[in-house]
>>> print(open('protein10.txt').read())   # compact mmCIF, C-alpha atoms
# COMPACT_ATOMS: atom_id res chain seq x y z
CA MET A 1 0.00 0.00 0.00
CA GLU A 2 1.33 3.41 -0.96
CA LYS A 3 2.46 5.62 1.91
CA VAL A 4 1.47 9.29 1.85
CA LYS A 5 3.32 11.82 3.98
CA ILE A 6 1.53 14.83 5.40
CA ALA A 7 2.57 17.83 7.47
CA LEU A 8 0.74 19.64 10.26
CA LEU A 9 1.05 23.39 10.65
CA GLY A 10 0.20 23.85 14.31
CA LEU A 11 -0.23 21.53 17.28
CA GLY A 12 -2.76 23.43 19.36
CA ASN A 13 -6.25 22.25 20.20
CA VAL A 14 -7.25 21.18 16.67
CA GLY A 15 -3.79 19.90 15.72
CA ARG A 16 -3.80 17.70 18.82
CA GLY A 17 -7.19 16.33 17.78
CA VAL A 18 -5.87 15.51 14.30
CA TRP A 19 -2.89 13.69 15.80
CA MET A 20 -5.10 11.63 18.14
CA ILE A 21 -7.56 10.67 15.38
CA LEU A 22 -4.82 9.62 12.97
CA ASP A 23 -3.29 7.54 15.77
CA SER A 24 -6.44 5.92 17.19
CA ASN A 25 -8.33 5.41 13.90
CA LYS A 26 -5.40 4.35 11.75
CA GLU A 27 -6.97 1.10 10.48
CA GLU A 28 -10.21 2.82 9.44
CA ILE A 29 -8.34 5.62 7.70
CA VAL A 30 -6.13 3.18 5.78
CA LYS A 31 -9.11 1.12 4.58
CA ARG A 32 -11.25 4.10 3.64
CA SER A 33 -8.55 6.15 1.93
CA GLY A 34 -6.53 3.35 0.35
CA TYR A 35 -3.31 4.91 1.63
CA ASP A 36 -1.00 4.51 4.61
CA VAL A 37 -0.94 8.04 6.03
CA GLU A 38 2.09 9.25 7.97
CA ILE A 39 2.65 12.60 9.66
CA SER A 40 6.15 13.54 8.56
CA LYS A 41 6.58 16.98 10.13
CA ILE A 42 4.72 19.22 12.60
CA LEU A 43 5.40 22.95 12.61
CA VAL A 44 5.26 24.70 16.00
CA ARG A 45 6.48 27.99 17.45
CA ASP A 46 7.93 26.48 20.63
CA LYS A 47 9.49 23.01 20.58
CA ASP A 48 9.49 22.70 24.36
CA LYS A 49 5.84 23.51 25.01
CA GLU A 50 3.80 20.77 26.72
CA ARG A 51 0.95 19.75 24.38
CA GLY A 52 -0.81 16.86 26.06
CA VAL A 53 0.04 14.28 23.36
CA ASP A 54 3.07 12.05 22.99
CA VAL A 55 4.61 13.18 19.70
CA PRO A 56 8.12 11.96 18.67
CA LYS A 57 10.54 14.87 18.99
CA GLU A 58 12.01 14.24 15.53
CA LEU A 59 8.68 15.22 13.94
CA ILE A 60 8.64 18.66 15.56
CA THR A 61 10.14 21.63 13.72
CA THR A 62 10.11 25.40 13.93
CA ASP A 63 11.34 25.80 10.35
CA PHE A 64 8.59 25.82 7.71
CA ASN A 65 11.16 25.27 4.96
CA GLU A 66 11.66 21.71 6.20
CA ILE A 67 8.07 21.07 5.11
CA LEU A 68 8.06 23.26 2.01
CA ASN A 69 11.18 21.70 0.49
CA ASP A 70 10.29 18.08 1.28
CA GLU A 71 8.86 16.73 -1.98
CA SER A 72 7.61 13.59 -0.25
CA ILE A 73 5.05 15.64 1.71
CA LYS A 74 1.91 15.68 -0.44
CA ILE A 75 -0.70 17.23 1.91
CA VAL A 76 -0.29 20.19 4.25
CA ILE A 77 -2.85 20.57 7.05
CA GLU A 78 -3.05 24.14 8.39
CA VAL A 79 -4.50 24.37 11.91
CA MET A 80 -2.45 27.24 13.30
CA GLY A 81 -5.12 29.92 12.73
CA GLY A 82 -4.80 33.64 12.11
CA ILE A 83 -4.03 35.46 8.87
CA GLU A 84 -0.25 35.40 8.73
CA PRO A 85 1.88 33.39 8.45
CA ALA A 86 -0.88 30.86 7.67
CA ARG A 87 -1.75 32.51 4.34
CA ASP A 88 1.89 32.68 3.26
CA TYR A 89 2.53 29.06 4.21
CA MET A 90 -0.51 27.79 2.27
CA ILE A 91 0.33 29.85 -0.83
CA LYS A 92 3.92 28.60 -0.86
CA SER A 93 2.79 25.00 -0.29
CA MET A 94 0.39 25.15 -3.24
CA GLU A 95 3.12 26.62 -5.43
CA LYS A 96 5.09 23.45 -4.64
CA GLY A 97 2.12 21.29 -5.68
CA LYS A 98 1.01 20.31 -2.18
CA HIS A 99 -2.70 19.82 -1.42
CA ILE A 100 -4.20 21.86 1.44
CA VAL A 101 -6.59 21.20 4.30
CA THR A 102 -7.43 24.12 6.58
CA ALA A 103 -9.73 25.03 9.47
CA ASN A 104 -8.99 28.75 9.20
CA LYS A 105 -12.35 30.56 9.02
CA MET A 106 -10.88 34.04 9.52
CA LEU A 107 -8.50 33.69 6.59
CA LEU A 108 -11.11 32.06 4.34
CA ALA A 109 -13.68 34.77 5.08
CA THR A 110 -11.28 37.67 4.52
CA GLY A 111 -8.92 36.34 1.86
CA GLY A 112 -10.25 33.02 0.61
CA ASP A 113 -10.42 34.02 -3.07
CA GLU A 114 -6.65 34.30 -3.32
CA LEU A 115 -6.27 30.79 -1.91
CA PHE A 116 -8.97 29.34 -4.18
CA GLU A 117 -7.41 30.92 -7.26
CA MET A 118 -3.97 29.62 -6.34
CA ALA A 119 -5.36 26.10 -5.86
CA ASP A 120 -7.00 26.30 -9.29
CA SER A 121 -3.88 27.59 -11.02
CA LYS A 122 -1.62 24.95 -9.45
CA GLY A 123 -4.07 22.06 -9.85
CA VAL A 124 -4.11 21.14 -6.18
CA MET A 125 -7.04 20.36 -3.91
CA PHE A 126 -8.15 22.74 -1.19
CA GLN A 127 -10.48 21.48 1.54
CA TYR A 128 -11.93 23.45 4.48
CA GLU A 129 -14.84 21.58 6.10
CA ALA A 130 -13.48 22.28 9.60
CA SER A 131 -13.69 26.06 9.12
CA VAL A 132 -17.42 26.09 9.97
CA ALA A 133 -19.31 24.23 12.72
CA GLY A 134 -16.55 21.87 13.82
CA GLY A 135 -17.44 18.26 13.10
CA ILE A 136 -20.77 19.01 11.38
CA PRO A 137 -20.48 18.25 7.62
CA ILE A 138 -22.29 21.41 6.52
CA ILE A 139 -19.80 22.47 3.82
CA GLN A 140 -19.80 19.03 2.21
CA GLY A 141 -23.58 19.01 2.48
CA ILE A 142 -23.85 22.28 0.54
CA ASN A 143 -21.11 21.45 -1.95
CA GLU A 144 -22.29 17.95 -2.77
CA SER A 145 -25.62 16.80 -1.39
CA LEU A 146 -27.58 20.01 -2.05
CA THR A 147 -26.25 21.03 -5.47
CA ALA A 148 -29.58 20.16 -7.13
CA ASN A 149 -31.32 22.82 -5.02
CA LYS A 150 -31.70 26.54 -5.01
CA ILE A 151 -30.97 27.35 -1.39
CA LYS A 152 -33.40 30.01 -0.21
CA GLU A 153 -32.40 30.55 3.41
CA MET A 154 -30.02 29.35 6.11
CA TYR A 155 -30.22 29.87 9.85
CA GLY A 156 -27.33 28.82 12.02
CA ILE A 157 -26.15 28.61 15.60
CA ILE A 158 -22.50 28.45 14.61
CA ASN A 159 -20.60 29.68 17.67
CA GLY A 160 -20.47 27.28 20.58
CA THR A 161 -19.19 29.81 23.12
CA THR A 162 -22.10 32.21 22.74
CA ASN A 163 -24.61 29.37 22.64
CA TYR A 164 -23.20 28.04 25.91
CA ILE A 165 -23.47 31.50 27.50
CA LEU A 166 -27.05 32.08 26.34
CA SER A 167 -28.02 28.55 27.40
CA LYS A 168 -26.75 29.16 30.94
CA MET A 169 -28.53 32.51 31.09
CA GLU A 170 -31.79 30.89 29.99
CA LEU A 171 -31.69 27.64 31.94
CA GLU A 172 -29.89 28.69 35.12
CA ASN A 173 -30.82 32.40 35.29
CA LEU A 174 -27.14 33.41 35.26
CA SER A 175 -26.04 36.91 34.34
CA PHE A 176 -24.03 37.41 31.17
CA GLU A 177 -20.87 37.91 33.26
CA GLU A 178 -21.46 34.74 35.29
CA ALA A 179 -22.12 32.66 32.16
CA LEU A 180 -19.03 34.06 30.42
CA LYS A 181 -16.91 33.18 33.45
CA GLY A 182 -18.23 29.61 33.31
CA ALA A 183 -17.48 29.40 29.58
CA THR A 184 -13.92 30.55 30.24
CA GLU A 185 -13.42 28.02 33.04
CA LYS A 186 -14.65 25.20 30.79
CA GLY A 187 -12.31 26.28 27.98
CA TYR A 188 -15.13 27.31 25.61
CA ALA A 189 -14.14 30.98 25.76
CA GLU A 190 -10.65 32.31 25.11
CA ALA A 191 -8.87 34.61 27.58
CA ASP A 192 -9.95 37.38 25.18
CA PRO A 193 -13.48 36.30 24.16
CA THR A 194 -14.11 39.28 21.86
CA SER A 195 -14.25 37.29 18.61
CA ASP A 196 -16.99 35.07 20.03
CA ILE A 197 -19.14 37.37 22.14
CA GLU A 198 -19.05 40.27 19.66
CA GLY A 199 -20.08 37.98 16.78
CA PHE A 200 -16.91 38.13 14.65
CA ASP A 201 -16.43 34.34 14.64
CA ALA A 202 -20.01 33.76 13.44
CA GLN A 203 -19.63 36.59 10.91
CA TYR A 204 -16.63 34.85 9.30
CA LYS A 205 -18.44 31.52 9.20
CA LEU A 206 -21.61 32.98 7.71
CA ALA A 207 -19.57 34.67 4.96
CA ILE A 208 -18.09 31.27 4.02
CA LEU A 209 -21.46 29.49 4.06
CA SER A 210 -23.19 32.27 2.09
CA SER A 211 -20.50 32.22 -0.60
CA LEU A 212 -20.88 28.46 -1.04
CA ALA A 213 -24.65 28.27 -0.81
CA PHE A 214 -25.28 31.07 -3.31
CA GLY A 215 -22.23 30.67 -5.58
CA THR A 216 -21.10 34.25 -5.19
CA LYS A 217 -18.16 36.19 -3.79
CA ILE A 218 -18.88 37.65 -0.37
CA ASP A 219 -17.18 40.59 1.29
CA VAL A 220 -17.28 39.77 5.00
CA GLU A 221 -17.97 43.44 5.72
CA ASN A 222 -21.36 42.99 4.04
CA VAL A 223 -22.39 40.58 6.80
CA TYR A 224 -24.13 42.63 9.49
CA ARG A 225 -22.77 41.78 12.93
CA GLU A 226 -24.02 42.30 16.46
CA GLY A 227 -22.79 40.46 19.57
CA ILE A 228 -24.50 39.26 22.74
CA THR A 229 -22.93 41.54 25.36
CA HIS A 230 -26.11 43.63 25.69
CA ILE A 231 -28.33 40.62 26.47
CA GLN A 232 -29.43 40.61 30.12
CA SER A 233 -31.20 38.09 32.34
CA ILE A 234 -34.36 40.22 32.22
CA ASP A 235 -34.48 39.79 28.42
CA MET A 236 -34.41 36.04 28.93
CA GLU A 237 -37.35 36.33 31.34
CA TYR A 238 -39.40 38.35 28.87
CA ALA A 239 -38.54 35.89 26.11
CA LYS A 240 -40.01 33.12 28.25
CA GLU A 241 -43.20 35.15 28.73
CA PHE A 242 -43.50 35.43 24.96
CA LYS A 243 -42.76 31.68 24.58
CA MET A 244 -39.47 32.55 22.89
CA ALA A 245 -35.77 31.74 23.29
CA VAL A 246 -32.78 34.01 22.59
CA LYS A 247 -30.04 32.67 20.31
CA LEU A 248 -27.14 34.24 18.43
CA LEU A 249 -28.35 33.42 14.92
CA ALA A 250 -26.42 33.63 11.67
CA ILE A 251 -29.00 34.26 8.94
CA VAL A 252 -28.71 34.43 5.16
CA LYS A 253 -31.69 34.80 2.81
CA ASP A 254 -32.10 35.31 -0.91
CA VAL A 255 -34.83 37.98 -1.04
CA ASN A 256 -35.83 38.79 -4.61
CA GLY A 257 -32.29 38.21 -5.88
CA LYS A 258 -30.58 40.13 -3.08
CA LEU A 259 -28.65 38.47 -0.27
CA GLU A 260 -29.50 39.44 3.29
CA MET A 261 -26.72 38.35 5.66
CA ARG A 262 -26.77 39.09 9.37
CA VAL A 263 -25.47 37.82 12.71
CA HIS A 264 -27.24 39.04 15.84
CA PRO A 265 -29.15 37.91 18.95
CA THR A 266 -32.59 36.74 17.86
CA MET A 267 -35.76 35.72 19.64
CA ILE A 268 -37.20 32.56 18.11
CA PRO A 269 -40.28 30.47 18.98
CA ARG A 270 -39.77 28.15 21.94
CA ASN A 271 -41.09 25.18 19.89
CA HIS A 272 -38.65 25.65 16.99
CA PRO A 273 -35.84 23.04 16.76
CA LEU A 274 -33.12 25.72 16.89
CA ALA A 275 -34.50 26.94 20.24
CA ASN A 276 -33.59 23.56 21.73
CA VAL A 277 -29.91 23.65 20.71
CA TYR A 278 -28.09 24.09 24.01
CA ASP A 279 -24.63 24.15 25.54
CA SER A 280 -21.76 24.38 23.04
CA PHE A 281 -23.64 22.54 20.30
CA ASN A 282 -24.05 24.03 16.81
CA SER A 283 -26.88 23.63 14.33
CA VAL A 284 -27.61 24.86 10.81
CA LEU A 285 -31.06 24.87 9.20
CA VAL A 286 -30.99 24.91 5.39
CA LYS A 287 -34.08 25.62 3.29
CA GLY A 288 -33.85 24.29 -0.27
CA ASN A 289 -36.49 24.78 -2.94
CA ALA A 290 -36.56 21.04 -3.72
CA VAL A 291 -35.48 19.28 -0.54
CA GLY A 292 -37.33 21.53 1.92
CA ASP A 293 -35.90 21.96 5.41
CA LEU A 294 -32.73 20.14 6.50
CA MET A 295 -31.13 20.53 9.90
CA PHE A 296 -27.50 19.74 10.73
CA TYR A 297 -26.63 19.35 14.42
CA GLY A 298 -23.57 18.46 16.46
CA ARG A 299 -20.49 19.63 18.30
CA GLY A 300 -19.31 22.86 16.75
CA ALA A 301 -15.88 23.02 18.36
CA GLY A 302 -13.33 21.01 20.29
CA ASP A 303 -10.21 19.05 19.43
CA LEU A 304 -11.83 15.79 18.31
CA PRO A 305 -14.97 17.12 16.52
CA THR A 306 -12.96 19.70 14.55
CA GLY A 307 -10.10 17.24 14.08
CA SER A 308 -12.63 14.79 12.65
CA ALA A 309 -13.59 17.29 9.93
CA VAL A 310 -9.92 17.95 9.15
CA VAL A 311 -9.06 14.26 8.81
CA SER A 312 -12.17 13.67 6.72
CA ASP A 313 -10.99 16.38 4.31
CA MET A 314 -7.62 14.70 4.10
CA ILE A 315 -9.27 11.35 3.33
CA ASN A 316 -11.42 13.03 0.69
CA ILE A 317 -8.29 14.34 -1.03
CA LEU A 318 -6.78 10.84 -1.03
CA LYS A 319 -9.98 9.31 -2.42
CA LEU A 320 -10.19 11.91 -5.19
CA GLY A 321 -6.65 10.95 -6.16
CA ILE A 322 -3.53 12.91 -5.28
CA HIS A 323 -1.90 11.80 -8.54
CA SER A 324 -4.85 12.65 -10.77
CA ASP A 325 -4.42 15.08 -13.68
CA ASN A 326 -8.11 16.06 -13.52
CA ILE A 327 -8.51 17.58 -10.09
CA GLN A 328 -11.56 19.58 -9.02
CA SER A 329 -9.67 21.70 -6.53
CA VAL A 330 -12.29 24.09 -5.16
CA VAL A 331 -15.99 24.75 -5.47
CA LYS A 332 -16.62 27.83 -7.61
CA ASN A 333 -18.00 30.85 -5.79
CA ASN A 334 -18.11 33.15 -8.81
CA LEU A 335 -21.11 31.65 -10.60
CA TRP A 336 -23.42 34.59 -9.87
CA ASP A 337 -23.02 38.23 -8.94
CA LYS A 338 -25.52 38.65 -6.11
CA LYS A 339 -26.55 42.08 -4.88
CA ILE A 340 -26.51 42.73 -1.14
CA ARG A 341 -29.51 43.87 0.91
CA SER A 342 -28.42 46.29 3.67
CA ILE A 343 -29.57 45.86 7.24
CA GLU A 344 -31.81 48.93 6.83
CA GLY A 345 -33.88 46.97 4.30
CA VAL A 346 -34.47 43.94 6.55
CA HIS A 347 -38.05 43.17 7.64
CA SER A 348 -38.51 41.71 11.09
CA LYS A 349 -40.54 41.81 14.26
CA TYR A 350 -38.89 43.59 17.18
CA TYR A 351 -38.68 43.33 20.97
CA ILE A 352 -38.05 46.78 22.48
CA ARG A 353 -37.35 47.18 26.22
CA THR A 354 -37.44 50.71 27.61
CA SER A 355 -37.21 52.53 30.93
CA VAL A 356 -39.87 55.24 31.14
CA VAL A 357 -41.34 57.63 33.71
CA ASP A 358 -44.60 56.22 35.04
CA GLU A 359 -47.07 58.94 34.20
CA PRO A 360 -50.16 59.26 32.00
CA GLY A 361 -49.64 59.54 28.25
CA VAL A 362 -46.28 57.77 28.00
CA LEU A 363 -47.58 54.75 26.08
CA ARG A 364 -49.79 56.99 23.93
CA ASP A 365 -46.77 59.10 22.92
CA ILE A 366 -44.64 56.06 22.07
CA THR A 367 -47.35 54.27 20.12
CA GLY A 368 -48.11 57.51 18.30
CA ILE A 369 -44.52 57.75 17.06
CA LEU A 370 -44.51 54.09 16.04
CA GLY A 371 -47.79 54.60 14.19
CA ASP A 372 -46.36 57.61 12.35
CA HIS A 373 -43.70 55.23 11.01
CA ASP A 374 -46.26 52.54 10.04
CA ILE A 375 -45.19 50.25 12.89
CA SER A 376 -47.98 48.38 14.66
CA LEU A 377 -47.73 46.67 18.06
CA ARG A 378 -48.48 43.05 18.80
CA SER A 379 -48.17 43.27 22.59
CA VAL A 380 -47.17 45.60 25.43
CA ILE A 381 -46.01 44.73 28.96
CA GLN A 382 -45.44 47.25 31.76
CA LYS A 383 -43.66 46.28 34.97
CA GLY A 384 -42.63 48.43 37.93
CA GLN A 385 -43.74 49.92 41.24
CA ASN A 386 -46.49 51.85 39.48
CA LYS A 387 -45.80 54.96 41.61
CA LYS A 388 -46.28 58.17 39.73
CA GLY A 389 -43.02 59.74 38.57
CA GLU A 390 -40.88 56.61 39.12
CA LEU A 391 -39.23 54.62 36.33
CA VAL A 392 -40.90 51.48 35.09
CA THR A 393 -40.04 48.98 32.41
CA LEU A 394 -42.13 49.09 29.24
CA VAL A 395 -41.71 46.22 26.77
CA LEU A 396 -43.09 46.49 23.25
CA VAL A 397 -43.31 43.75 20.64
CA THR A 398 -44.00 44.93 17.11
CA HIS A 399 -45.47 43.32 14.06
CA ARG A 400 -43.21 43.04 11.02
CA ALA A 401 -41.54 46.32 10.14
CA LYS A 402 -38.61 47.53 8.10
CA GLU A 403 -35.39 48.11 10.03
CA ILE A 404 -35.06 51.70 8.84
CA GLN A 405 -38.57 52.41 10.16
CA ILE A 406 -37.53 51.10 13.59
CA ILE A 407 -34.30 53.15 13.53
CA ASP A 408 -36.13 56.36 12.67
CA ALA A 409 -38.89 55.74 15.23
CA ILE A 410 -36.41 54.98 18.02
CA ASP A 411 -34.57 58.23 17.30
CA GLU A 412 -37.83 60.11 17.89
CA ILE A 413 -38.79 58.08 20.96
CA TYR A 414 -35.43 58.94 22.53
CA GLU A 415 -36.42 62.59 22.37
CA LEU A 416 -39.48 62.09 24.59
CA ARG A 417 -39.03 63.59 28.07
CA THR A 418 -40.59 60.52 29.69
CA VAL A 419 -38.31 57.99 27.97
CA LYS A 420 -35.10 57.70 29.98
CA LYS A 421 -33.48 54.78 28.16
CA ILE A 422 -33.93 52.26 25.36
CA ASP A 423 -32.54 49.29 27.27
CA ASN A 424 -32.51 46.75 24.46
CA ILE A 425 -33.80 45.94 20.98
CA ILE A 426 -33.82 42.32 19.78
CA ARG A 427 -35.07 41.12 16.42
CA ILE A 428 -37.67 38.35 16.36
CA GLU A 429 -37.51 35.60 13.72
CA GLU A 430 -40.58 33.42 13.27
CA PHE A 431 -39.35 31.74 10.08
CA GLU A 432 -42.10 33.11 7.89
CA GLU A 433 -41.83 33.20 4.12
CA GLU A 434 -41.25 36.72 2.79
>>> encode(input="protein10.txt", output="structure tokens")
Amino acid sequence: MEKVKIALLGLGNVGRGVWMILDSNKEEIVKRSGYDVEISKILVRDKDKERGVDVPKELITTDFNEILNDESIKIVIEVMGGIEPARDYMIKSMEKGKHIVTANKMLLATGGDELFEMADSKGVMFQYEASVAGGIPIIQGINESLTANKIKEMYGIINGTTNYILSKMELENLSFEEALKGATEKGYAEADPTSDIEGFDAQYKLAILSSLAFGTKIDVENVYREGITHIQSIDMEYAKEFKMAVKLLAIVKDVNGKLEMRVHPTMIPRNHPLANVYDSFNSVLVKGNAVGDLMFYGRGAGDLPTGSAVVSDMINILKLGIHSDNIQSVVKNNLWDKKIRSIEGVHSKYYIRTSVVDEPGVLRDITGILGDHDISLRSVIQKGQNKKGELVTLVLVTHRAKEIQIIDAIDEIYELRTVKKIDNIIRIEEFEEE
């Protein structure tokens, strides 16, 4: 049986998972790929760092050129993350004819076209299943199983850290700060959790999924982003009253030929399957015009789930044939030129929580402004001491309205003497057809 040598760029969390899977599942990998796979070199920054796996010292290197100039290495697996030097290493590897597997969502979302074009020009394969939703095969599902469909919409919980935080806030009545602390202690959140809690991670992933699903180039800056730091326990309580749950949703829709892409906290019906995705699990709901609704669910992060996707990509490359002269290196994302729908054009229902002075006419003034902007109310809740002149909480839930209408109305409501604060605004998604 032919032996194939591969190299790992990085031996952090995901790299460790790849090493363990290749070691523990060696027989299955050999039988399914038809090759005897051997890790020849592993690139790290610090040779002496303890990594939790027993790796022979002779495999470890800090010099990328040992990998680049070794013609026996056919596949390079990049799991180091970040933009540079990962981009440079992958470009140089492809120039040498080496196939690439990566889990780098940030690089793919911000500079993937350069990598795809290089793979095409050099006739090498480029696989990136692990860049979105860990071990869930959503990219392969879109690229292969759903190619007969026009995808109309996708809704995803694609960041495990934020889903864990929101789950704890909902189920255990924790504050955002308490839930974030727990996520950090469990290793779900980084020391600097900004990328997760401010929605950047989900923004990158949605850009990748949107590009694949709709066959178009996506500028990640066109994906509207809003994090979860403004969600409070009281919002969770109101959501329960409305029979809703709060999730950080990644949403993409094709609305009359324009793509609407957004990541933000969203209230969704308590009985919807996505509302019951808890802890660090991920899930993606895909709506196809032929297949209907499909839901992918599983672990969205972690060494073994993400490592599973990486190794599966490697096996896929071997099965397609590393010696073939007719290689389909990447899925084309330049088939259509889709226009982008700005966030101001989005239609949604809205939850608006305000702090107002408890005196006659307050609700009349607010509803009057909303009515002037063609925004109708579905329900109103007032809670407080009900003593004249004191602040009370007023919660409004609207019917469907255009985002720009809400923005303009809120600007006017802020000017009311009796409105002291707009505490929160959360969009409501009830999965209705536009």
>>> closest_residue(input="protein10.txt", among="A:Val220, A:Gly257, A:Lys243, A:Gln140", to="Pro269 of chain A", atoms="all atoms listed in the file")
A:Lys243
>>> residues_around(input="protein10.txt", residues="Ile234 of chain A", least_positions_apart="2", cutoff="10 Å", atoms="all atoms listed in the file", output="JSON, numbers by chain")
{"A": [169, 170, 173, 175, 231, 232, 236, 237, 238, 239, 240, 353]}
>>> residues_around(input="protein10.txt", residues="Ala401 of chain A", least_positions_apart="3", cutoff="10 Å", atoms="only C-alpha atoms", output="list in words")
Gly345, Val346, His347, Ser348, Lys349, Tyr350, His373, Asp374, Ile375, Ser376, Thr398, Ile404, Gln405 and Ile406 of chain A
>>> write_last_selection(input="protein10.txt", atoms="C-alpha atoms", output="PDB file, in the coordinates of the input")
ATOM      1  CA  GLY A 345     -33.880  46.970   4.300  1.00  0.00           C
ATOM      2  CA  VAL A 346     -34.470  43.940   6.550  1.00  0.00           C
ATOM      3  CA  HIS A 347     -38.050  43.170   7.640  1.00  0.00           C
ATOM      4  CA  SER A 348     -38.510  41.710  11.090  1.00  0.00           C
ATOM      5  CA  LYS A 349     -40.540  41.810  14.260  1.00  0.00           C
ATOM      6  CA  TYR A 350     -38.890  43.590  17.180  1.00  0.00           C
ATOM      7  CA  HIS A 373     -43.700  55.230  11.010  1.00  0.00           C
ATOM      8  CA  ASP A 374     -46.260  52.540  10.040  1.00  0.00           C
ATOM      9  CA  ILE A 375     -45.190  50.250  12.890  1.00  0.00           C
ATOM     10  CA  SER A 376     -47.980  48.380  14.660  1.00  0.00           C
ATOM     11  CA  THR A 398     -44.000  44.930  17.110  1.00  0.00           C
ATOM     12  CA  ILE A 404     -35.060  51.700   8.840  1.00  0.00           C
ATOM     13  CA  GLN A 405     -38.570  52.410  10.160  1.00  0.00           C
ATOM     14  CA  ILE A 406     -37.530  51.100  13.590  1.00  0.00           C
TER      15      ILE A 406
END
>>> closest_residue(input="protein10.txt", among="A:Ile67, A:Lys98, A:Gly135, A:Gly141", to="Gly17 of chain A", atoms="only C-alpha atoms")
A:Gly135
>>> residues_around(input="protein10.txt", residues="segment 189-204 of chain A", least_positions_apart="6", cutoff="10 Å", atoms="only C-alpha atoms", output="PyMOL selection string")
chain A and resi 104-110+131-133+156-165+180-183+219-230+248-251+261-265
>>> residues_around(input="protein10.txt", residues="Ser24 of chain A", least_positions_apart="6", cutoff="12 Å", atoms="only C-alpha atoms", output="JSON list (two decimals) with C-alpha atoms, in the frame of the given file")
[["chain", "number", "residue", "atom", "x", "y", "z"],
["A", 17, "GLY", "CA", -7.19, 16.33, 17.78],
["A", 18, "VAL", "CA", -5.87, 15.51, 14.30],
["A", 30, "VAL", "CA", -6.13, 3.18, 5.78],
["A", 304, "LEU", "CA", -11.83, 15.79, 18.31],
["A", 308, "SER", "CA", -12.63, 14.79, 12.65]]
>>> atom_distance(input="protein10.txt", atom1="atom CA of Gly300 of chain A", atom2="atom CA of Val246 of chain A")
18.4 Å
>>> closest_residue(input="protein10.txt", among="A:Tyr188, A:Ile343, A:Trp19, A:Leu377", to="Arg299 of chain A", atoms="only C-alpha atoms")
A:Tyr188
>>> residues_around(input="protein10.txt", residues="Ile29 of chain A", least_positions_apart="6", cutoff="10 Å", atoms="only C-alpha atoms", output="ChimeraX atom specification")
/A:21-23,35-37,311-312,314-315
>>> closest_atom_pairs(input="protein10.txt", of="segment 266-344 of chain A", to="segment 429-432 of chain A", cutoff="9 Å", atoms="only C-alpha atoms", output="JSON lines")
{"residue": "A:Thr266", "atom": "CA", "partner": "A:Glu429", "partner_atom": "CA", "distance": 6.5}
{"residue": "A:Met267", "atom": "CA", "partner": "A:Glu429", "partner_atom": "CA", "distance": 6.2}
{"residue": "A:Ile268", "atom": "CA", "partner": "A:Glu429", "partner_atom": "CA", "distance": 5.3}
{"residue": "A:Pro269", "atom": "CA", "partner": "A:Glu430", "partner_atom": "CA", "distance": 6.4}
{"residue": "A:His272", "atom": "CA", "partner": "A:Glu430", "partner_atom": "CA", "distance": 8.8}
>>> atom_distance(input="protein10.txt", atom1="atom CA of Thr367 of chain A", atom2="atom CA of Arg270 of chain A")
27.3 Å
>>> atom_distance(input="protein10.txt", atom1="atom CA of Ala119 of chain A", atom2="atom CA of Pro85 of chain A")
17.6 Å
>>> closest_residue(input="protein10.txt", among="A:Val4, A:Met125, A:Ile60, A:Ala290", to="Glu38 of chain A", atoms="only C-alpha atoms")
A:Val4
